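Colleague: One structure, pasted below without further comment.
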Amino acid sequence: MGYNSGNRAKPLAPARSPARSPAVPADPHQSPPGSASFAVDATLLPQPWPPEALRAARVAARLAGSDHPYVSLKAAVTLDGRLATAGGESRWITGETARRHGHGLRACHDGILVGIGTVLADDPQLTARLERPAPSPTRIVLDSRCRIDPAARCLTDDGVGRIVVAGSGADAARMQALRARGVHVLQGTAVRPAPAEFLPALRACGIRRLLIEGGAAVHANIIALGQPDELFLYQAGKIIGGPDARGWCDELGVRRLADAPALRLSQPRLVGEDVLLHGVFLAAF
Ligand SMILES: NC(=O)c1ccc[n+]([C@@H]2O[C@H](COP(=O)([O-])OP(=O)(O)OC[C@H]3O[C@@H](n4cnc5c(N)ncnc54)[C@H](OP(=O)(O)O)[C@@H]3O)[C@@H](O)[C@H]2O)c1
């Protein structure tokens, strides 16, 4: 019952509802992909890092009180907050040290999620590439219409879980082609996957710490409707400027400063030539 069961889904619980047992095996066609463990290997934590003891307690509290994963957002941006040039180029905004830090960040999560816009623009691998062996998180793509090329690099069958979250109108043959390649396809009841639906479904798949790596549309949707927990912004000493280069977060409909989502920021840290800004979303606590 639930995600892609073919049955009429029950109304979804509101975000951050009290913990309950997962309602669904998310894809009736396949068993859920293996989940990484909750505990983060301390030797994998990229340095500098926000105080892990505090973070671990926060993660545990959040997981106990919600059926969502603990959600962190990550982006690499310019000084003026741009994610890419007007031509769509985003590689690489930050330097090598910050990128390595980002791979460590991935290794501390069970799942990495991006939107189909990012896959179409960059064809990212979404793996944790570190000098020493590290667990690679499950790779997840939000893709209402299942536009993703089954040969996309993030869907490579390397033993790591791969999930495509599709909308209610996704083409059955396209979903089947992905399943034939071992991709776990979750089909929601909304035309475009909704956080209130896919976040609990991902948690039911064993994703407890989720890292969302963009793009701008996905970040905005999660901030508006997904109650994210943390933000990691790698900021490079570059300026792109202009109205056509994407900011890291699309329209949120904020008209009054009092309505702007707010974060409690940590001390900014230098990571190579870039700055890591880290914050905790106040609404989540
Ligand atoms: N610098 C960085 O750190 C970084 C990181 C990532 C991306 N980028 C850049 O960002 C750009 C892509 O960003 P983008 O905003 O165009 O694409 P995106 O956020 O990656 O994907 C947006 C698309 O995802 C689909 N989608 C499905 N469910 C959604 C949901 N709940 N919320 C939002 N979207 C959902 C929608 O298409 P459908 O309705 O068709 O499914 C939507 O158009 C590229 O230029 C890329 O290079 C930069």
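FYI, nothing fancy with the structure tokens labels: chains A, B, ... in order, residues from 1 per chain, ligands from 1 as they appear.
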Near region 81-96 of chain A, counting only C-alpha atoms, which residues have an atom at most 9 Å away, once you skip same-chain residues fewer than 5 positions from it, shown as a ChimeraX atom specification?

Modeller: /A:75-76,101,121-122,215-216,234-249,271-274

Colleague: Include N, CA and C atoms and write out the residues we just selected as an mmCIF file, in the first residue's frame.

Modeller:
```cif
data_model
loop_
_atom_site.group_PDB
_atom_site.id
_atom_site.type_symbol
_atom_site.label_atom_id
_atom_site.label_comp_id
_atom_site.auth_asym_id
_atom_site.auth_seq_id
_atom_site.Cartn_x
_atom_site.Cartn_y
_atom_site.Cartn_z
ATOM 1 N N ALA A 75 25.470 22.956 -1.604
ATOM 2 C CA ALA A 75 25.699 23.563 -2.916
ATOM 3 C C ALA A 75 27.063 24.230 -2.935
ATOM 4 N N ALA A 76 27.621 24.314 -4.128
ATOM 5 C CA ALA A 76 28.860 25.056 -4.338
ATOM 6 C C ALA A 76 28.487 26.318 -5.106
ATOM 7 N N HIS A 101 36.247 17.835 0.286
ATOM 8 C CA HIS A 101 35.424 17.955 1.503
ATOM 9 C C HIS A 101 33.992 17.498 1.197
ATOM 10 N N ALA A 121 21.906 18.362 -16.987
ATOM 11 C CA ALA A 121 22.943 19.376 -17.232
ATOM 12 C C ALA A 121 24.344 18.811 -17.046
ATOM 13 N N ASP A 122 24.539 17.987 -16.027
ATOM 14 C CA ASP A 122 25.909 17.631 -15.624
ATOM 15 C C ASP A 122 26.232 16.140 -15.689
ATOM 16 N N GLY A 215 19.366 20.693 -8.017
ATOM 17 C CA GLY A 215 19.752 22.077 -8.235
ATOM 18 C C GLY A 215 18.823 23.061 -7.543
ATOM 19 N N ALA A 216 18.727 24.244 -8.165
ATOM 20 C CA ALA A 216 18.015 25.356 -7.557
ATOM 21 C C ALA A 216 16.528 25.056 -7.327
ATOM 22 N N TYR A 234 29.368 25.786 0.075
ATOM 23 C CA TYR A 234 30.771 26.025 -0.220
ATOM 24 C C TYR A 234 30.820 27.257 -1.112
ATOM 25 N N GLN A 235 31.475 28.298 -0.623
ATOM 26 C CA GLN A 235 31.419 29.566 -1.343
ATOM 27 C C GLN A 235 32.804 29.932 -1.881
ATOM 28 N N ALA A 236 32.853 30.113 -3.190
ATOM 29 C CA ALA A 236 34.122 30.424 -3.849
ATOM 30 C C ALA A 236 34.293 31.933 -3.993
ATOM 31 N N GLY A 237 35.529 32.376 -4.036
ATOM 32 C CA GLY A 237 35.814 33.800 -4.218
ATOM 33 C C GLY A 237 35.686 34.210 -5.668
ATOM 34 N N LYS A 238 34.524 33.994 -6.227
ATOM 35 C CA LYS A 238 34.251 34.345 -7.620
ATOM 36 C C LYS A 238 32.899 35.040 -7.685
ATOM 37 N N ILE A 239 32.731 35.858 -8.696
ATOM 38 C CA ILE A 239 31.441 36.531 -8.892
ATOM 39 C C ILE A 239 30.995 36.297 -10.327
ATOM 40 N N ILE A 240 29.774 35.857 -10.500
ATOM 41 C CA ILE A 240 29.240 35.659 -11.855
ATOM 42 C C ILE A 240 28.336 36.826 -12.228
ATOM 43 N N GLY A 241 27.449 37.208 -11.328
ATOM 44 C CA GLY A 241 26.573 38.355 -11.547
ATOM 45 C C GLY A 241 25.502 38.118 -12.607
ATOM 46 N N GLY A 242 24.690 39.143 -12.803
ATOM 47 C CA GLY A 242 23.680 39.088 -13.868
ATOM 48 C C GLY A 242 22.426 38.339 -13.457
ATOM 49 N N PRO A 243 21.302 38.665 -14.135
ATOM 50 C CA PRO A 243 20.029 38.048 -13.758
ATOM 51 C C PRO A 243 19.848 36.627 -14.289
ATOM 52 N N ASP A 244 20.704 36.210 -15.237
ATOM 53 C CA ASP A 244 20.443 34.915 -15.879
ATOM 54 C C ASP A 244 21.182 33.739 -15.258
ATOM 55 N N ALA A 245 22.195 34.039 -14.444
ATOM 56 C CA ALA A 245 22.914 32.941 -13.805
ATOM 57 C C ALA A 245 22.096 32.462 -12.604
ATOM 58 N N ARG A 246 21.920 31.141 -12.485
ATOM 59 C CA ARG A 246 21.047 30.617 -11.425
ATOM 60 C C ARG A 246 21.624 30.843 -10.043
ATOM 61 N N GLY A 247 20.782 31.311 -9.131
ATOM 62 C CA GLY A 247 21.126 31.290 -7.717
ATOM 63 C C GLY A 247 20.938 29.863 -7.215
ATOM 64 N N TRP A 248 21.404 29.585 -6.000
ATOM 65 C CA TRP A 248 21.341 28.189 -5.548
ATOM 66 C C TRP A 248 19.944 27.774 -5.087
ATOM 67 N N CYS A 249 19.052 28.763 -4.945
ATOM 68 C CA CYS A 249 17.692 28.439 -4.501
ATOM 69 C C CYS A 249 16.696 29.236 -5.329
ATOM 70 N N VAL A 271 38.084 26.261 3.567
ATOM 71 C CA VAL A 271 38.364 24.919 3.044
ATOM 72 C C VAL A 271 39.159 25.151 1.760
ATOM 73 N N GLY A 272 40.482 25.025 1.871
ATOM 74 C CA GLY A 272 41.323 25.407 0.735
ATOM 75 C C GLY A 272 41.120 26.882 0.469
ATOM 76 N N GLU A 273 40.832 27.222 -0.795
ATOM 77 C CA GLU A 273 40.632 28.644 -1.111
ATOM 78 C C GLU A 273 39.185 29.088 -0.968
ATOM 79 N N ASP A 274 38.315 28.189 -0.553
ATOM 80 C CA ASP A 274 36.889 28.497 -0.452
ATOM 81 C C ASP A 274 36.443 28.569 1.013
#
```

Colleague: Select from region 56-177 of chain A everything DSSP, run on the backbone, classes as strand (DSSP E or B), then give the selection as a list in words.

Modeller: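 Strand (DSSP E or B) assignments inside region 56-177 of chain A correspond to Tyr70, Val71, Ser72, Leu73, Lys74, Ala75, Ala76, Val77, Arg82, Gly111, Ile112, Leu113, Val114, Gly115, Thr138, Arg139, Ile140, Val141, Leu142, Arg162, Ile163, Val164, Val165 and Ala166 of chain A.
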
Colleague: Quick one: of A:Leu63, A:Ile112, A:Ala262, A:Ile207, who's nearest to ligand 1, counting only C-alpha atoms and all ligand atoms?

Modeller: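 Looking at the shortest contact to ligand 1, the residue is A:Ile112.
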
Colleague: To one decimal place, how far is CA of Arg203 (chain A) from atom 39 (O, counted along the ligand's line) of ligand 1 in Å?

Modeller: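 Atom-to-atom, CA of Arg203 (chain A) to atom 39 (O, counted along the ligand's line) of ligand 1, that is 22.0 Å.
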
Colleague: Which of these, A:Leu277, A:Ile163, A:Leu211, A:Leu155, has the shortest distance to Cys108 (chain A) once you count only C-alpha atoms?

Modeller: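 With only C-alpha atoms as the atom set, the closest residue is A:Leu211.
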